[in-house]
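S.K.: Questions regarding the structure given below will be posed in turn.
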Amino acid sequence: MSRDIIYYKDKLEEFENRWEDFVRCNNLPYPYLPSFIDYQMNYSKFIVENESFLVVQNQKTIAIAFIPIESYSEGHYISISKGYTFAPIVNSIKGEAFVFDEIKKISAIYKINKIMFYYSPLSTITTIYNPLIKYGFLDTSSSNGILPIAGENRIWKRFSKGHKSAIKGILKNSSYKITIVDSSNCFYGVSEKYRELHQKSAGRITRSKETFEHQYKLVEQGCSFYSILTYNDDIVAVCYFIISGTTAVYQSAVKEPNFASIPIYHALIWEAIKYLSKKGVTLLEVQPPCGYSVQLDDYIDSKQLNISRFKRGFGVNVVPMFRGIKYFKKQLFLDDVDLFKQRYSESINEWE
């Protein structure tokens with residue numbers, strides 16, 4: 001059985017066409033959208049090469065793999081900004097082994113020290129264990145949340161009492177107005193306000209202007225949208241969502257620091273959910289943090305615990321988010337173990 005590998009850097013046009021077809025035919029979630037990959041490539045300043053490839057068998061694409069090579073003082077990684085990048089998607093078990101063997105060959109060429117992969121739970125709903133452990137990855141799985149979207153009344157019943165109250169409070173106040181901004185009514189000013197609010201909230205520039213522009217391009221292409229809140233006609237909060245097929249993800253939210261104590265995201269997300277329902281979306285991923293406690297390479301702090309509670313208040317199903325790290329340098333592993341010992345020990349409440 002012959003298999004051919006097509007690399008991004010060798011046959012760009014064929015690669016992109018086959019990748020898009022594979023994503024569409026398999027209803028893959030947002031990380032695999034070509035436009036989101038462009039965003040990822042611009043997000044990291046440390047990428048030195050793109051070794052992404054796809055596998056063709058009997059003229060049919062059976063696997064896709066995004067392989068960004070990053071360079072740091074301690075060596076090369078397959079990661080995004082030393083964080084997790086999405087794992088390959090393969091249509092057959094035998095093909096899966098073939099793909100990870102090719103990744104091993106790439107790792108040898110670049111002398112990769114660390115690979116960090118994750119799977120969106122939207123792509124592993126029927127999987128009961130982490131596929132990465134078959135290929136020597138240390139299981140560092142986290143928690144995520146999935147909200148089934150099936151009828152506004154059924155969704156509303158899942159919300160906590162506090163969430164319902166917060167939503168009603170915003171919707172009843174005539175000074176507030178919520179608008180969904182998608183490809184039909186988008187304007188660049190929203191993107192600029194979204195970027196400005198990020199900088200205000202963080203007190204610094206956290207990522208490049210180009211990444212916000214790529215997010216806006218996704219809106220223009222009909223792959224994402226903003227849910228914005230205005231107060232007396234001024235934009236004071238923005239939530240950003242990405243759509244891929246019948247699935248979507250709640251990616252980020254930001255608001256004016258002066259509104260920090262007002263529960264306004266609840267209503268923005270509720271309006272976004274209603275919009276998604278009309279678009280035929282059936283599952284919404286809320287992304288980490290969505291967990292309960294400190295775990296290996298998942299060092300959730302008090303702020304993130306509050307964010308997790310906020311997300312779970314929408315009645316999401318808490319599900320595993322399969323992740324894994326493969327080390328090719330012992331010291332990096334030992335350093336990560338030391339960090340885990342430190343962070344987990346800090347979370348232990350000893351008896352007096």
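Each chain of the structure tokens is named A, B, ... in the order shown, its residues numbered from 1; ligands are numbered from 1 in display order.
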Which residues, written as JSON, numbers by chain, have at least one atom at most 7 Å from A:Asp139, with only C-alpha atoms counted and residues fewer than 4 positions away on the same chain left out?
M.R.: {"A": [133, 323, 324, 325]}
S.K.: Pick out each residue of stretch 19-220 of chain A that DSSP on the backbone tags as strand (DSSP E); I need them as a compact mmCIF listing (two decimals) with C-alpha atoms, in the first residue's frame.
M.R.:
# COMPACT_ATOMS: atom_id res chain seq x y z
CA ILE A 47 8.97 29.81 14.37
CA VAL A 48 11.92 29.18 12.06
CA GLU A 49 10.37 26.58 9.76
CA ASN A 50 7.03 25.05 8.82
CA PHE A 53 2.64 17.75 5.84
CA LEU A 54 -0.27 15.63 4.73
CA VAL A 55 -0.43 11.97 3.75
CA VAL A 56 -2.08 10.74 0.54
CA GLN A 57 -3.09 7.12 0.01
CA LYS A 60 -7.06 10.35 -1.04
CA THR A 61 -5.80 12.50 1.85
CA ILE A 62 -5.83 10.39 5.01
CA ALA A 63 -3.88 12.61 7.44
CA ILE A 64 -2.85 16.20 8.13
CA ALA A 65 -0.10 17.39 10.47
CA PRO A 68 5.83 24.41 13.41
CA ILE A 69 9.55 24.34 14.30
CA GLU A 70 10.47 26.87 16.99
CA SER A 71 13.97 27.88 18.04
CA TYR A 72 14.99 28.84 21.58
CA GLY A 75 17.09 24.13 21.33
CA HIS A 76 14.25 23.41 18.91
CA TYR A 77 10.64 22.67 19.83
CA ILE A 78 7.53 21.59 17.96
CA THR A 85 -0.04 23.02 19.15
CA PHE A 86 -2.77 20.80 17.75
CA ILE A 89 -5.54 14.08 12.57
CA VAL A 90 -5.46 10.67 10.87
CA ILE A 112 13.97 18.61 18.50
CA ASN A 113 14.12 18.72 22.30
CA LYS A 114 10.41 18.86 23.03
CA ILE A 115 7.10 18.25 21.23
CA MET A 116 3.84 19.61 22.71
CA PHE A 117 0.58 18.37 21.15
CA TYR A 118 -3.08 18.66 22.10
CA LEU A 138 3.84 11.96 28.65
CA ASP A 139 0.12 12.45 29.33
CA SER A 142 -6.25 19.06 30.98
CA SER A 143 -9.97 19.87 31.24
CA ASN A 144 -12.18 21.61 28.73
CA GLY A 145 -15.89 22.31 28.41
CA ILE A 146 -18.40 21.48 25.69
CA LEU A 147 -21.87 23.02 25.55
CA PRO A 148 -24.47 21.18 23.44
CA TYR A 176 -26.47 48.51 27.09
CA LYS A 177 -26.75 47.10 23.59
CA ILE A 178 -25.40 43.79 22.30
CA THR A 179 -24.50 43.38 18.62
CA ILE A 180 -23.23 40.36 16.73
CA VAL A 181 -20.59 41.46 14.22
S.K.: Would you kindly return, as an MDAnalysis selection string, each protein, DNA or RNA residue with an atom no farther than 12 Å from any atom of A:Glu196, considering only C-alpha atoms and excluding same-chain residues fewer than 6 positions away?
M.R.: chainID A and resid 189:190 202:209 212 235:238 254:257
S.K.: Write the selection just made, keeping N, CA and C atoms, as a compact mmCIF listing (two decimals), in the first residue's frame?
M.R.:
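That gives us result20.txt:
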# COMPACT_ATOMS: atom_id res chain seq x y z
N GLY A 189 -12.99 48.94 12.65
CA GLY A 189 -12.96 49.62 13.94
C GLY A 189 -13.19 48.68 15.11
N VAL A 190 -13.98 47.62 14.89
CA VAL A 190 -14.21 46.64 15.96
C VAL A 190 -12.92 45.93 16.30
N ALA A 202 -4.59 44.24 29.98
CA ALA A 202 -3.32 43.64 30.40
C ALA A 202 -2.32 44.67 30.92
N GLY A 203 -2.54 45.93 30.54
CA GLY A 203 -1.60 46.97 30.93
C GLY A 203 -0.34 46.98 30.09
N ARG A 204 -0.37 46.21 28.99
CA ARG A 204 0.79 46.12 28.11
C ARG A 204 0.36 45.47 26.79
N ILE A 205 1.24 45.51 25.80
CA ILE A 205 0.97 44.84 24.53
C ILE A 205 1.33 43.37 24.68
N THR A 206 0.35 42.49 24.55
CA THR A 206 0.58 41.07 24.78
C THR A 206 0.86 40.29 23.50
N ARG A 207 0.41 40.80 22.36
CA ARG A 207 0.70 40.14 21.09
C ARG A 207 0.64 41.17 19.96
N SER A 208 1.13 40.79 18.81
CA SER A 208 1.29 41.72 17.70
C SER A 208 -0.04 42.14 17.09
N LYS A 209 -0.01 43.29 16.43
CA LYS A 209 -1.20 43.79 15.73
C LYS A 209 -1.62 42.82 14.64
N PHE A 212 -4.27 40.26 15.56
CA PHE A 212 -5.64 40.78 15.60
C PHE A 212 -6.18 40.95 14.18
N ILE A 235 -18.16 51.04 22.77
CA ILE A 235 -17.85 49.61 22.94
C ILE A 235 -17.07 49.42 24.24
N VAL A 236 -17.61 48.59 25.12
CA VAL A 236 -16.96 48.38 26.42
C VAL A 236 -16.55 46.92 26.64
N ALA A 237 -17.01 46.02 25.78
CA ALA A 237 -16.64 44.61 25.93
C ALA A 237 -16.79 43.89 24.60
N VAL A 238 -15.90 42.90 24.39
CA VAL A 238 -15.93 42.11 23.15
C VAL A 238 -15.63 40.65 23.47
N VAL A 254 -12.79 40.34 26.45
CA VAL A 254 -12.07 41.46 27.05
C VAL A 254 -13.04 42.62 27.26
N LYS A 255 -12.80 43.41 28.30
CA LYS A 255 -13.67 44.54 28.57
C LYS A 255 -12.90 45.71 29.16
N GLU A 256 -13.54 46.87 29.15
CA GLU A 256 -12.95 48.07 29.73
C GLU A 256 -12.67 47.82 31.21
N PRO A 257 -11.49 48.21 31.70
CA PRO A 257 -11.17 48.02 33.12
C PRO A 257 -12.19 48.65 34.05
S.K.: Using only C-alpha atoms, which residue out of A:His163, A:Lys279, A:Arg312, A:Lys341 lies closest to A:Val294?
M.R.: A:Lys341
S.K.: Which residues come within 12 Å of A:Arg309, counting only C-alpha atoms, excluding same-chain residues fewer than 2 positions away, as an MDAnalysis selection string?
M.R.: chainID A and resid 144:145 159:160 162:163 286 288:293 302:307 311:316 318
S.K.: For A:Phe36, find every residue with an atom within 8 Å (counting only C-alpha atoms), except residues of its own chain fewer than 4 positions away, and show them as a VMD selection string.
M.R.: chain A and resid 30 to 32 40 214 to 215 218
S.K.: Could you check the closest approach to A:Asp21 for each of A:Leu33, A:Lys278, A:Cys239, A:Ile348 and tell me which residue wins, using only C-alpha atoms?
M.R.: A:Leu33
S.K.: Would you please give, as a PyMOL selection string, all residues of stretch 95-188 of chain A that DSSP assigns to alpha helix (DSSP H) based on the backbone?
M.R.: chain A and resi 95-110+152-158+161-172+188
S.K.: For the selection you just gave me, I'd like the residues written to a file as a compact mmCIF listing (two decimals), in the first residue's frame, keeping C-alpha atoms.
M.R.:
# COMPACT_ATOMS: atom_id res chain seq x y z
CA GLY A 95 -1.87 5.76 9.02
CA GLU A 96 -1.48 7.22 12.49
CA ALA A 97 1.69 5.20 13.16
CA PHE A 98 3.03 6.29 9.77
CA VAL A 99 2.43 9.98 10.61
CA PHE A 100 4.14 9.82 14.01
CA ASP A 101 7.07 7.99 12.45
CA GLU A 102 7.45 10.87 9.99
CA ILE A 103 7.31 13.36 12.88
CA LYS A 104 10.10 11.40 14.56
CA LYS A 105 12.21 11.71 11.40
CA ILE A 106 11.60 15.47 11.31
CA SER A 107 12.54 15.66 15.00
CA ALA A 108 15.84 13.91 14.27
CA ILE A 109 16.70 16.35 11.47
CA TYR A 110 16.12 19.41 13.65
CA GLU A 152 -32.73 28.03 23.37
CA ASN A 153 -35.02 26.84 26.18
CA ARG A 154 -32.97 23.68 26.76
CA ILE A 155 -29.75 25.69 26.77
CA TRP A 156 -31.15 28.30 29.16
CA LYS A 157 -32.13 25.59 31.64
CA ARG A 158 -28.47 24.52 31.87
CA LYS A 161 -29.12 30.91 38.71
CA GLY A 162 -26.36 33.52 38.95
CA HIS A 163 -25.70 33.41 35.22
CA LYS A 164 -29.38 33.87 34.40
CA SER A 165 -29.55 36.84 36.76
CA ALA A 166 -26.47 38.48 35.21
CA ILE A 167 -27.88 38.04 31.69
CA LYS A 168 -31.24 39.54 32.62
CA GLY A 169 -29.53 42.47 34.33
CA ILE A 170 -27.70 43.50 31.16
CA LEU A 171 -30.60 42.86 28.78
CA LYS A 172 -33.01 44.94 30.89
CA TYR A 188 -12.24 47.31 11.00
S.K.: Just to confirm, what's the straight-line distance from atom CA of A:Tyr216 to atom CA of A:Ser175 in Å (one decimal)?
M.R.: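 If I compute the distance from atom CA of A:Tyr216 to atom CA of A:Ser175, I get 26.8 Å.
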S.K.: Here is a test: counting only C-alpha atoms, which residue of A:Asn27, A:Ser73, A:Ser345, A:Ser201 is nearest to A:Ala260?
M.R.: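 Answer, going by the shortest atom-to-atom distance: A:Ser201.
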S.K.: Report, in Å with one decimal, the straight-line distance from atom CA of A:Asn17 to atom CA of A:Ala87.
M.R.: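 Atom-to-atom, atom CA of A:Asn17 and atom CA of A:Ala87 are spaced 19.8 Å apart.
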S.K.: For A:Gly151, which residue out of A:Lys329, A:His266, A:Lys274, A:Lys11 is the nearest one, using only C-alpha atoms?
M.R.: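 Ranked by minimum distance to A:Gly151, first place goes to A:Lys274.
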S.K.: Using only C-alpha atoms, which of the listed residues (A:Trp19, A:Tyr275, A:Phe137, A:Phe340) sits closest to A:Ser52?
M.R.: A:Trp19
S.K.: Please indicate the distance in Å from atom CA of A:Tyr240 to atom CA of A:Ser183, rounded to one decimal place.
M.R.: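 Result for atom CA of A:Tyr240 versus atom CA of A:Ser183: 13.3 Å, one decimal.
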